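Pasting data.pdb here (PDB, C-alpha atoms):
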MODEL        1
ATOM      1  CA  MET A 132    -112.326  58.751  91.232
ATOM      2  CA  LYS A 133    -108.654  59.446  91.725
ATOM      3  CA  ASN A 134    -107.735  56.858  89.080
ATOM      4  CA  ILE A 135    -110.162  58.330  86.603
ATOM      5  CA  ARG A 136    -108.702  61.816  87.127
ATOM      6  CA  LYS A 137    -105.237  60.443  86.608
ATOM      7  CA  LYS A 138    -106.255  58.761  83.379
ATOM      8  CA  VAL A 139    -107.917  61.890  82.082
ATOM      9  CA  ARG A 140    -104.893  63.954  83.058
ATOM     10  CA  PHE A 141    -102.708  61.415  81.245
ATOM     11  CA  HIS A 142    -104.705  61.744  78.035
ATOM     12  CA  PHE A 143    -104.354  65.510  78.131
ATOM     13  CA  LYS A 144    -100.600  65.168  78.532
ATOM     14  CA  LEU A 145    -100.151  63.064  75.399
ATOM     15  CA  LYS A 146     -97.348  64.272  73.272
ATOM     16  CA  SER A 147     -98.049  65.313  69.679
ATOM     17  CA  LYS A 148     -96.106  62.406  68.231
ATOM     18  CA  HIS A 149     -98.156  59.914  70.274
ATOM     19  CA  LEU A 150    -101.365  61.574  69.126
ATOM     20  CA  LEU A 151    -100.181  61.366  65.554
ATOM     21  CA  VAL A 152     -99.521  57.621  65.885
ATOM     22  CA  ILE A 153    -102.955  57.020  67.379
ATOM     23  CA  MET A 154    -104.672  58.946  64.615
ATOM     24  CA  THR A 155    -102.677  57.131  61.977
ATOM     25  CA  LEU A 156    -103.759  53.783  63.411
ATOM     26  CA  PHE A 157    -107.332  55.003  63.597
ATOM     27  CA  CYS A 158    -107.380  56.179  60.026
ATOM     28  CA  GLY A 159    -105.807  52.960  58.879
ATOM     29  CA  SER A 160    -108.442  50.961  60.721
ATOM     30  CA  CYS A 161    -111.182  53.022  59.143
ATOM     31  CA  ILE A 162    -109.790  52.422  55.706
ATOM     32  CA  VAL A 163    -109.549  48.689  56.305
ATOM     33  CA  ALA A 164    -113.078  48.612  57.667
ATOM     34  CA  THR A 165    -114.407  50.498  54.685
ATOM     35  CA  VAL A 166    -112.694  48.225  52.225
ATOM     36  CA  ALA A 167    -113.821  45.101  54.083
ATOM     37  CA  SER A 168    -117.467  46.129  54.219
ATOM     38  CA  GLY A 169    -117.501  47.331  50.612
ATOM     39  CA  SER A 170    -119.442  50.380  51.685
ATOM     40  CA  SER A 171    -118.899  53.497  53.732
ATOM     41  CA  SER A 172    -121.090  54.595  56.556
ATOM     42  CA  SER A 173    -121.941  58.191  57.269
ATOM     43  CA  ALA A 174    -120.677  57.858  60.812
ATOM     44  CA  LEU A 175    -117.276  56.657  59.647
ATOM     45  CA  GLN A 176    -117.074  59.447  57.068
ATOM     46  CA  GLY A 177    -117.989  61.986  59.694
ATOM     47  CA  ALA A 178    -115.324  60.732  62.062
ATOM     48  CA  ALA A 179    -112.752  60.686  59.322
ATOM     49  CA  SER A 180    -113.681  64.205  58.261
ATOM     50  CA  PHE A 181    -113.540  65.407  61.841
ATOM     51  CA  LEU A 182    -110.069  63.998  62.383
ATOM     52  CA  VAL A 183    -108.375  64.131  58.973
ATOM     53  CA  VAL A 184    -109.686  67.308  57.365
ATOM     54  CA  PRO A 185    -108.164  69.703  59.933
ATOM     55  CA  PHE A 186    -104.790  68.066  59.429
ATOM     56  CA  GLN A 187    -105.152  68.318  55.665
ATOM     57  CA  LYS A 188    -105.971  71.986  55.997
ATOM     58  CA  GLY A 189    -102.990  72.486  58.288
ATOM     59  CA  ILE A 190    -100.647  70.702  55.925
ATOM     60  CA  SER A 191    -102.078  72.622  52.979
ATOM     61  CA  GLY A 192    -101.662  75.897  54.859
ATOM     62  CA  VAL A 193     -98.055  75.105  55.713
ATOM     63  CA  SER A 194     -97.400  74.092  52.110
ATOM     64  CA  ASN A 195     -98.945  77.317  50.834
ATOM     65  CA  MET A 196     -96.925  79.313  53.346
ATOM     66  CA  PHE A 197     -93.650  77.734  52.186
ATOM     67  CA  GLY A 198     -94.757  78.251  48.585
ATOM     68  CA  ASP A 199     -95.371  81.949  49.240
ATOM     69  CA  VAL A 200     -91.991  82.279  50.938
ATOM     70  CA  LYS A 201     -90.317  80.512  48.017
ATOM     71  CA  ASN A 202     -92.071  82.760  45.508
ATOM     72  CA  SER A 203     -91.169  85.816  47.555
ATOM     73  CA  LEU A 204     -87.512  84.788  47.631
ATOM     74  CA  ARG A 205     -87.584  84.111  43.896
ATOM     75  CA  ASP A 206     -89.168  87.515  43.232
ATOM     76  CA  LYS A 207     -86.569  89.212  45.405
ATOM     77  CA  GLN A 208     -83.769  87.406  43.592
ATOM     78  CA  ASP A 209     -85.264  88.424  40.242
ATOM     79  CA  VAL A 210     -85.474  92.053  41.378
ATOM     80  CA  LEU A 211     -81.854  91.992  42.578
ATOM     81  CA  GLN A 212     -80.697  90.475  39.289
ATOM     82  CA  GLU A 213     -82.691  93.006  37.285
ATOM     83  CA  ASN A 214     -81.228  95.818  39.390
ATOM     84  CA  GLU A 215     -77.724  94.511  38.744
ATOM     85  CA  ASN A 216     -78.438  94.314  35.008
ATOM     86  CA  LEU A 217     -79.734  97.902  35.031
ATOM     87  CA  LYS A 218     -76.596  99.062  36.859
ATOM     88  CA  ASN A 219     -74.430  97.396  34.222
ATOM     89  CA  GLN A 220     -76.454  99.026  31.460
ATOM     90  CA  ILE A 221     -76.144 102.444  33.115
ATOM     91  CA  ASN A 222     -72.379 102.016  33.486
ATOM     92  CA  SER A 223     -72.089 100.952  29.854
ATOM     93  CA  LEU A 224     -74.217 103.868  28.614
ATOM     94  CA  THR A 225     -72.290 106.318  30.787
ATOM     95  CA  GLU A 226     -69.008 105.081  29.354
ATOM     96  CA  GLN A 227     -70.352 105.313  25.805
ATOM     97  CA  ASN A 228     -71.636 108.839  26.495
ATOM     98  CA  ASN A 229     -68.235 109.917  27.830
ATOM     99  CA  ILE A 230     -66.566 108.531  24.727
ATOM    100  CA  LEU A 231     -69.027 110.400  22.495
ATOM    101  CA  ILE A 232     -68.408 113.642  24.399
ATOM    102  CA  GLN A 233     -64.643 113.179  24.036
ATOM    103  CA  ASP A 234     -65.022 112.398  20.343
ATOM    104  CA  GLN A 235     -67.205 115.479  19.852
ATOM    105  CA  THR A 236     -64.685 117.660  21.686
ATOM    106  CA  GLU A 237     -61.853 116.193  19.630
ATOM    107  CA  LEU A 238     -63.806 116.759  16.414
ATOM    108  CA  THR A 239     -64.507 120.393  17.342
ATOM    109  CA  ARG A 240     -60.853 120.978  18.188
ATOM    110  CA  LEU A 241     -59.629 119.395  14.959
ATOM    111  CA  LYS A 242     -62.125 121.458  12.959
ATOM    112  CA  GLU A 243     -60.795 124.629  14.576
ATOM    113  CA  LEU A 244     -57.255 123.605  13.640
ATOM    114  CA  TYR A 245     -58.357 122.861  10.093
ATOM    115  CA  ASP A 246     -60.086 126.236   9.778
ATOM    116  CA  LEU A 247     -57.007 127.947  11.196
ATOM    117  CA  ASP A 248     -54.786 126.115   8.728
ATOM    118  CA  GLN A 249     -56.997 127.286   5.876
ATOM    119  CA  GLU A 250     -57.080 130.862   7.152
ATOM    120  CA  TYR A 251     -53.273 131.100   7.202
ATOM    121  CA  SER A 252     -52.639 128.872   4.196
ATOM    122  CA  ASP A 253     -49.868 131.203   2.966
ATOM    123  CA  TYR A 254     -47.633 130.146   5.858
ATOM    124  CA  PRO A 255     -45.999 126.694   6.174
ATOM    125  CA  LYS A 256     -47.028 125.109   9.486
ATOM    126  CA  VAL A 257     -46.336 122.114  11.710
ATOM    127  CA  ALA A 258     -48.991 120.737  14.042
ATOM    128  CA  ALA A 259     -47.782 119.986  17.572
ATOM    129  CA  ARG A 260     -49.215 118.819  20.873
ATOM    130  CA  ILE A 261     -48.524 120.421  24.240
ATOM    131  CA  ILE A 262     -46.726 117.989  26.549
ATOM    132  CA  SER A 263     -46.032 120.147  29.621
ATOM    133  CA  LYS A 264     -46.468 123.650  31.029
ATOM    134  CA  ASP A 265     -45.400 125.844  33.905
ATOM    135  CA  PRO A 266     -47.371 125.550  37.174
ATOM    136  CA  GLY A 267     -50.592 127.529  37.321
ATOM    137  CA  ASN A 268     -53.946 127.677  35.604
ATOM    138  CA  TRP A 269     -52.780 129.328  32.401
ATOM    139  CA  TYR A 270     -50.625 128.248  29.485
ATOM    140  CA  ASP A 271     -48.270 131.209  29.712
ATOM    141  CA  THR A 272     -45.188 129.040  29.076
ATOM    142  CA  PHE A 273     -45.375 125.492  27.772
ATOM    143  CA  MET A 274     -43.518 122.782  25.852
ATOM    144  CA  ILE A 275     -44.585 121.056  22.625
ATOM    145  CA  ASN A 276     -43.618 117.671  21.166
ATOM    146  CA  LYS A 277     -42.012 119.000  17.956
ATOM    147  CA  GLY A 278     -38.579 120.579  17.499
ATOM    148  CA  SER A 279     -35.712 121.229  15.114
ATOM    149  CA  ASN A 280     -36.137 117.801  13.516
ATOM    150  CA  ASP A 281     -39.537 119.026  12.354
ATOM    151  CA  GLY A 282     -38.286 122.345  10.995
ATOM    152  CA  ILE A 283     -39.075 124.457  14.060
ATOM    153  CA  HIS A 284     -36.790 127.350  14.985
ATOM    154  CA  ILE A 285     -36.550 130.003  17.683
ATOM    155  CA  ASP A 286     -38.941 132.938  17.067
ATOM    156  CA  ASN A 287     -41.397 130.828  15.087
ATOM    157  CA  ASN A 288     -44.933 132.083  15.725
ATOM    158  CA  VAL A 289     -47.500 129.762  17.347
ATOM    159  CA  ILE A 290     -51.260 129.850  16.700
ATOM    160  CA  ALA A 291     -54.254 127.876  17.961
ATOM    161  CA  GLY A 292     -58.030 128.138  18.189
ATOM    162  CA  LYS A 293     -58.693 131.257  16.144
ATOM    163  CA  GLY A 294     -55.659 133.386  16.817
ATOM    164  CA  LEU A 295     -52.143 134.061  18.009
ATOM    165  CA  VAL A 296     -50.820 132.050  20.957
ATOM    166  CA  GLY A 297     -47.153 133.004  21.304
ATOM    167  CA  ILE A 298     -43.622 132.526  20.062
ATOM    168  CA  VAL A 299     -40.965 129.791  20.258
ATOM    169  CA  THR A 300     -38.187 130.659  22.694
ATOM    170  CA  GLU A 301     -36.186 127.397  22.916
ATOM    171  CA  VAL A 302     -35.781 124.439  20.570
ATOM    172  CA  GLY A 303     -34.499 120.873  20.928
ATOM    173  CA  PRO A 304     -34.443 118.037  18.399
ATOM    174  CA  SER A 305     -37.931 116.813  19.361
ATOM    175  CA  TRP A 306     -39.293 119.583  21.590
ATOM    176  CA  ALA A 307     -39.712 123.344  21.775
ATOM    177  CA  THR A 308     -40.673 125.875  24.444
ATOM    178  CA  VAL A 309     -43.329 128.499  23.745
ATOM    179  CA  ARG A 310     -43.942 131.788  25.579
ATOM    180  CA  SER A 311     -47.539 132.828  25.075
ATOM    181  CA  ILE A 312     -48.752 136.401  24.585
ATOM    182  CA  ILE A 313     -50.481 136.340  27.998
ATOM    183  CA  ASP A 314     -47.138 136.107  29.798
ATOM    184  CA  ASP A 315     -46.254 139.243  31.760
ATOM    185  CA  SER A 316     -43.032 139.637  29.769
ATOM    186  CA  SER A 317     -44.751 139.431  26.375
ATOM    187  CA  ASN A 318     -45.009 142.435  24.039
ATOM    188  CA  VAL A 319     -46.497 142.158  20.567
ATOM    189  CA  SER A 320     -46.436 144.902  17.958
ATOM    190  CA  ALA A 321     -50.009 145.044  16.637
ATOM    191  CA  MET A 322     -52.393 147.189  14.626
ATOM    192  CA  ALA A 323     -56.075 147.914  14.107
ATOM    193  CA  VAL A 324     -57.353 146.282  10.922
ATOM    194  CA  SER A 325     -59.611 149.129   9.757
ATOM    195  CA  THR A 326     -57.122 151.957  10.278
ATOM    196  CA  SER A 327     -53.687 150.242  10.402
ATOM    197  CA  ASP A 328     -52.961 152.320  13.515
ATOM    198  CA  ASN A 329     -50.230 150.630  15.542
ATOM    199  CA  CYS A 330     -50.272 149.648  19.200
ATOM    200  CA  VAL A 331     -48.497 147.273  21.587
ATOM    201  CA  VAL A 332     -50.327 144.301  23.074
ATOM    202  CA  THR A 333     -48.969 143.271  26.467
ATOM    203  CA  GLY A 334     -49.482 140.157  28.564
ATOM    204  CA  ASP A 335     -51.217 140.297  31.934
ATOM    205  CA  LEU A 336     -51.820 137.093  33.908
ATOM    206  CA  GLU A 337     -54.330 138.854  36.146
ATOM    207  CA  LEU A 338     -56.324 140.286  33.258
ATOM    208  CA  ILE A 339     -56.445 136.927  31.463
ATOM    209  CA  ASP A 340     -58.812 135.704  34.198
ATOM    210  CA  GLU A 341     -61.390 137.711  32.243
ATOM    211  CA  GLY A 342     -60.134 136.346  28.907
ATOM    212  CA  LYS A 343     -58.510 139.675  28.065
ATOM    213  CA  LEU A 344     -55.183 141.204  27.077
ATOM    214  CA  SER A 345     -54.189 144.847  27.363
ATOM    215  CA  PHE A 346     -52.950 147.221  24.686
ATOM    216  CA  GLU A 347     -51.224 150.595  24.871
ATOM    217  CA  GLN A 348     -49.637 153.292  22.714
ATOM    218  CA  LEU A 349     -52.493 153.262  20.199
ATOM    219  CA  TYR A 350     -52.141 156.380  18.041
ATOM    220  CA  ASP A 351     -55.721 157.099  16.943
ATOM    221  CA  GLN A 352     -56.037 160.821  16.252
ATOM    222  CA  ASP A 353     -59.182 160.412  14.157
ATOM    223  CA  ASN A 354     -60.952 158.349  16.865
ATOM    224  CA  LYS A 355     -61.843 155.625  14.377
ATOM    225  CA  VAL A 356     -60.837 152.682  16.542
ATOM    226  CA  THR A 357     -63.842 151.600  18.593
ATOM    227  CA  VAL A 358     -65.028 148.635  20.640
ATOM    228  CA  GLY A 359     -65.197 145.545  18.430
ATOM    229  CA  GLU A 360     -62.217 146.550  16.289
ATOM    230  CA  ARG A 361     -60.060 143.603  15.118
ATOM    231  CA  ILE A 362     -56.445 143.702  16.305
ATOM    232  CA  VAL A 363     -53.783 141.728  14.392
ATOM    233  CA  THR A 364     -50.000 141.508  14.364
ATOM    234  CA  SER A 365     -48.416 144.523  12.719
ATOM    235  CA  ASN A 366     -46.367 144.709   9.541
ATOM    236  CA  ILE A 367     -43.625 146.480  11.540
ATOM    237  CA  SER A 368     -43.316 143.712  14.157
ATOM    238  CA  GLU A 369     -39.786 142.364  14.445
ATOM    239  CA  LYS A 370     -40.714 138.796  15.428
ATOM    240  CA  TYR A 371     -44.334 138.227  14.446
ATOM    241  CA  VAL A 372     -45.482 137.708  10.867
ATOM    242  CA  GLU A 373     -48.122 140.149   9.682
ATOM    243  CA  GLY A 374     -51.855 139.653  10.057
ATOM    244  CA  LEU A 375     -52.139 137.055  12.839
ATOM    245  CA  PHE A 376     -55.400 137.664  14.688
ATOM    246  CA  ILE A 377     -54.993 138.703  18.346
ATOM    247  CA  GLY A 378     -58.501 139.699  19.401
ATOM    248  CA  TYR A 379     -61.255 142.328  19.532
ATOM    249  CA  VAL A 380     -61.095 145.654  21.331
ATOM    250  CA  SER A 381     -63.346 145.463  24.402
ATOM    251  CA  GLU A 382     -62.424 148.744  26.153
ATOM    252  CA  ILE A 383     -60.633 151.886  25.025
ATOM    253  CA  GLN A 384     -59.722 155.136  26.759
ATOM    254  CA  GLN A 385     -57.677 158.251  26.121
ATOM    255  CA  ASP A 386     -54.276 158.545  27.795
ATOM    256  CA  PRO A 387     -53.474 161.661  29.878
ATOM    257  CA  ASN A 388     -51.149 162.878  27.118
ATOM    258  CA  ASN A 389     -54.123 163.099  24.718
ATOM    259  CA  LEU A 390     -51.949 161.517  22.048
ATOM    260  CA  THR A 391     -52.352 157.795  22.592
ATOM    261  CA  LYS A 392     -54.962 155.375  23.899
ATOM    262  CA  THR A 393     -54.981 152.256  26.019
ATOM    263  CA  GLY A 394     -57.537 149.520  26.523
ATOM    264  CA  THR A 395     -58.236 145.821  26.600
ATOM    265  CA  ILE A 396     -58.670 143.097  23.988
ATOM    266  CA  VAL A 397     -60.789 139.944  24.177
ATOM    267  CA  THR A 398     -58.700 137.026  22.936
ATOM    268  CA  PRO A 399     -60.334 134.194  20.936
ATOM    269  CA  VAL A 400     -57.850 131.671  22.332
ATOM    270  CA  ASP A 401     -58.702 129.654  25.441
ATOM    271  CA  PHE A 402     -55.396 129.917  27.298
ATOM    272  CA  GLY A 403     -56.718 127.708  30.093
ATOM    273  CA  HIS A 404     -57.330 124.633  27.928
ATOM    274  CA  LEU A 405     -54.750 124.544  25.155
ATOM    275  CA  LYS A 406     -53.913 121.118  23.749
ATOM    276  CA  ASP A 407     -52.804 121.329  20.110
ATOM    277  CA  VAL A 408     -51.151 124.205  18.260
ATOM    278  CA  PHE A 409     -49.736 125.127  14.864
ATOM    279  CA  VAL A 410     -46.161 126.384  14.585
ATOM    280  CA  ILE A 411     -45.496 128.656  11.600
ATOM    281  CA  THR A 412     -42.104 127.450  10.449
ATOM    282  CA  VAL A 413     -40.978 130.710   8.863
ATOM    283  CA  ASN A 414     -39.796 133.655  10.936
ATOM    284  CA  LYS A 415     -40.702 137.259  10.259
ATOM    285  CA  GLN A 416     -37.422 137.925   8.487
ATOM    286  CA  ASP A 417     -37.871 134.812   6.348
ATOM    287  CA  ALA A 418     -41.303 136.058   5.297
ATOM    288  CA  VAL A 419     -39.904 139.501   4.496
ATOM    289  CA  ASP A 420     -37.068 138.038   2.430
ATOM    290  CA  LYS A 421     -39.500 135.815   0.565
ATOM    291  CA  SER A 422     -41.747 138.775  -0.202
ATOM    292  CA  GLU A 423     -38.781 140.824  -1.445
ATOM    293  CA  ASP A 424     -37.570 137.988  -3.670
ATOM    294  CA  ALA A 425     -41.042 137.691  -5.168
ATOM    295  CA  SER A 426     -41.071 141.443  -5.883
ATOM    296  CA  ASP A 427     -37.640 141.311  -7.531
ATOM    297  CA  GLU A 428     -38.773 138.483  -9.818
ATOM    298  CA  LYS A 429     -41.639 140.630 -11.035
TER     299      LYS A 429
ENDMDL
END
Mind converting the file's structure to structure tokens?
Amino acid sequence: MKNIRKKVRFHFKLKSKHLLVIMTLFCGSCIVATVASGSSSSALQGAASFLVVPFQKGISGVSNMFGDVKNSLRDKQDVLQENENLKNQINSLTEQNNILIQDQTELTRLKELYDLDQEYSDYPKVAARIISKDPGNWYDTFMINKGSNDGIHIDNNVIAGKGLVGIVTEVGPSWATVRSIIDDSSNVSAMAVSTSDNCVVTGDLELIDEGKLSFEQLYDQDNKVTVGERIVTSNISEKYVEGLFIGYVSEIQQDPNNLTKTGTIVTPVDFGHLKDVFVITVNKQDAVDKSEDASDEK
């Protein structure tokens, strides 16, 4: 009895590789027996099915499992590649969109310069680009990339956008410095278009935060100047040629002396984002002399 128990215990302790060898030998023997007899018995088929089929199912299951894992990895790789392709497309489209926005901005700016050139076609002009400015948010003093070599002189008027920007204060061979009308030290002799009443437009760096300039000494006894009135450079200005647009009256009030008025003007020029300007290459005195010569010829 002890020996039998030992043998049984031994069979239960067979390793998987030994069991595999035994089954292989058994299957081989069955095949040989089947071939030798020329026929197959139901008992042999049953035994073969009992022993082989489970292993076939196991192998098939393992194969399917590895196939699923492989497919899953392939799908994941495809998704990652597709995601990378989409990222590249987004980056490309974003870059193209930025270029289109820049081109549209450039086109708008150039159109404004063209319209301005046409509006003041009577004056000779040189286009220039701003290359530096004083510290701060506003273009109250800045430098352009054109100078005396391009026919620019001190006191030449500067325009941009839809109106007056400032005046040239210094000139080099290939550069010039411009003081804009928003500078605290700026004073421009101006007038109301509808009445020709004169006033003085002054710079105010605090007021320009609202896109406005201030005016004073407006002599308007008939009270004809109202909000919305166009203000341009005056014919009596010493340094500014006549008729350059400055802005629209946005506020107006009577001074304590009851003789003059003060107020504010909305400027059409964006003094926070200037880039290109026109320099009128004739000074006020040049324009006056030219007008006088034309009158004498008549």
Picked residues, the PyMOL selection byres ((chain A and resi 374) around 8), expected as a ChimeraX atom specification: /A:363-366,372-373,375-376
Generate the output file for the selected residues, C-alpha atoms, as a PDB file, in the coordinates of the input.
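result30.pdb, written as the output of this step:
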ATOM      1  CA  VAL A 363     -53.783 141.728  14.392  1.00  0.00           C
ATOM      2  CA  THR A 364     -50.000 141.508  14.364  1.00  0.00           C
ATOM      3  CA  SER A 365     -48.416 144.523  12.719  1.00  0.00           C
ATOM      4  CA  ASN A 366     -46.367 144.709   9.541  1.00  0.00           C
ATOM      5  CA  VAL A 372     -45.482 137.708  10.867  1.00  0.00           C
ATOM      6  CA  GLU A 373     -48.122 140.149   9.682  1.00  0.00           C
ATOM      7  CA  LEU A 375     -52.139 137.055  12.839  1.00  0.00           C
ATOM      8  CA  PHE A 376     -55.400 137.664  14.688  1.00  0.00           C
TER       9      PHE A 376
END
Test item: residues at most 6 Å from Ser279 (chain A), only C-alpha atoms, excluding those fewer than 3 positions along its chain, as an MDAnalysis selection string: chainID A and resid 282:283 303:304
So, with only C-alpha atoms as the atoms that count, which of A:Gly297, A:Pro266, A:Pro399, A:Pro255 lies closest to Lys370 (chain A)? A:Gly297
Running the PyMOL selection byres ((chain A and resi 408) around 9) on this model by hand, what would come out? Give it as a list in words. Leu244, Val257, Ala258, Ala259, Arg260, Ile261, Ile275, Val289, Ile290, Ala291, Gly292, Val296, Leu405, Lys406, Asp407, Phe409 and Val410 of chain A
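The space separating CA of Tyr371 (chain A) from CA of Asn388 (chain A) comes to 28.5 Å.
The shortest atom-to-atom distance to Val324 (chain A), with only C-alpha atoms taken into account, belongs to A:Glu360 out of A:Glu360, A:Asp417, A:Glu250, A:Glu215.
Once Ile262 (chain A) and its same-chain neighbours fewer than 3 positions away are set aside, Phe273, Met274, Ile275 and Asn276 of chain A remain within 8 Å of it when counting only C-alpha atoms.
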8 Å contact set for Ile313 (chain A), all atoms listed in the file, chain neighbours under 4 positions out, as a PDB file with C-alpha atoms, in the coordinates of the input:
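What ended up in selection_21.pdb:
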ATOM      1  CA  ASP A 271     -48.270 131.209  29.712  1.00  0.00           C
ATOM      2  CA  SER A 317     -44.751 139.431  26.375  1.00  0.00           C
ATOM      3  CA  THR A 333     -48.969 143.271  26.467  1.00  0.00           C
ATOM      4  CA  GLY A 334     -49.482 140.157  28.564  1.00  0.00           C
ATOM      5  CA  ASP A 335     -51.217 140.297  31.934  1.00  0.00           C
ATOM      6  CA  LEU A 336     -51.820 137.093  33.908  1.00  0.00           C
ATOM      7  CA  ILE A 339     -56.445 136.927  31.463  1.00  0.00           C
ATOM      8  CA  LEU A 344     -55.183 141.204  27.077  1.00  0.00           C
TER       9      LEU A 344
END
Using the chain letters and numbering of this document, enumerate as a PyMOL selection string the residues selected by the PyMOL selection byres ((chain A and resi 381) around 6). chain A and resi 358+380+382+395-396
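Between CA of Phe402 (chain A) and CA of Lys343 (chain A) lies a distance of 10.3 Å.
Counting from CA of Val302 (chain A), the distance to CA of Asn268 (chain A) is 23.8 Å.
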Quick one: 4 Å padding each side, axis-aligned, all listed atoms of region 391-403 of chain A - centre and edge lengths in Å to one decimal, as lines of an AutoDock Vina configuration file?
center_x = -56.6
center_y = 142.8
center_z = 25.5
size_x = 16.4
size_y = 38.1
size_z = 17.2
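Each of A:Leu295, A:Val309, A:Leu349, A:Ala323 was compared to Tyr251 (chain A) using only C-alpha atoms, and A:Leu295 turns out to be the nearest.
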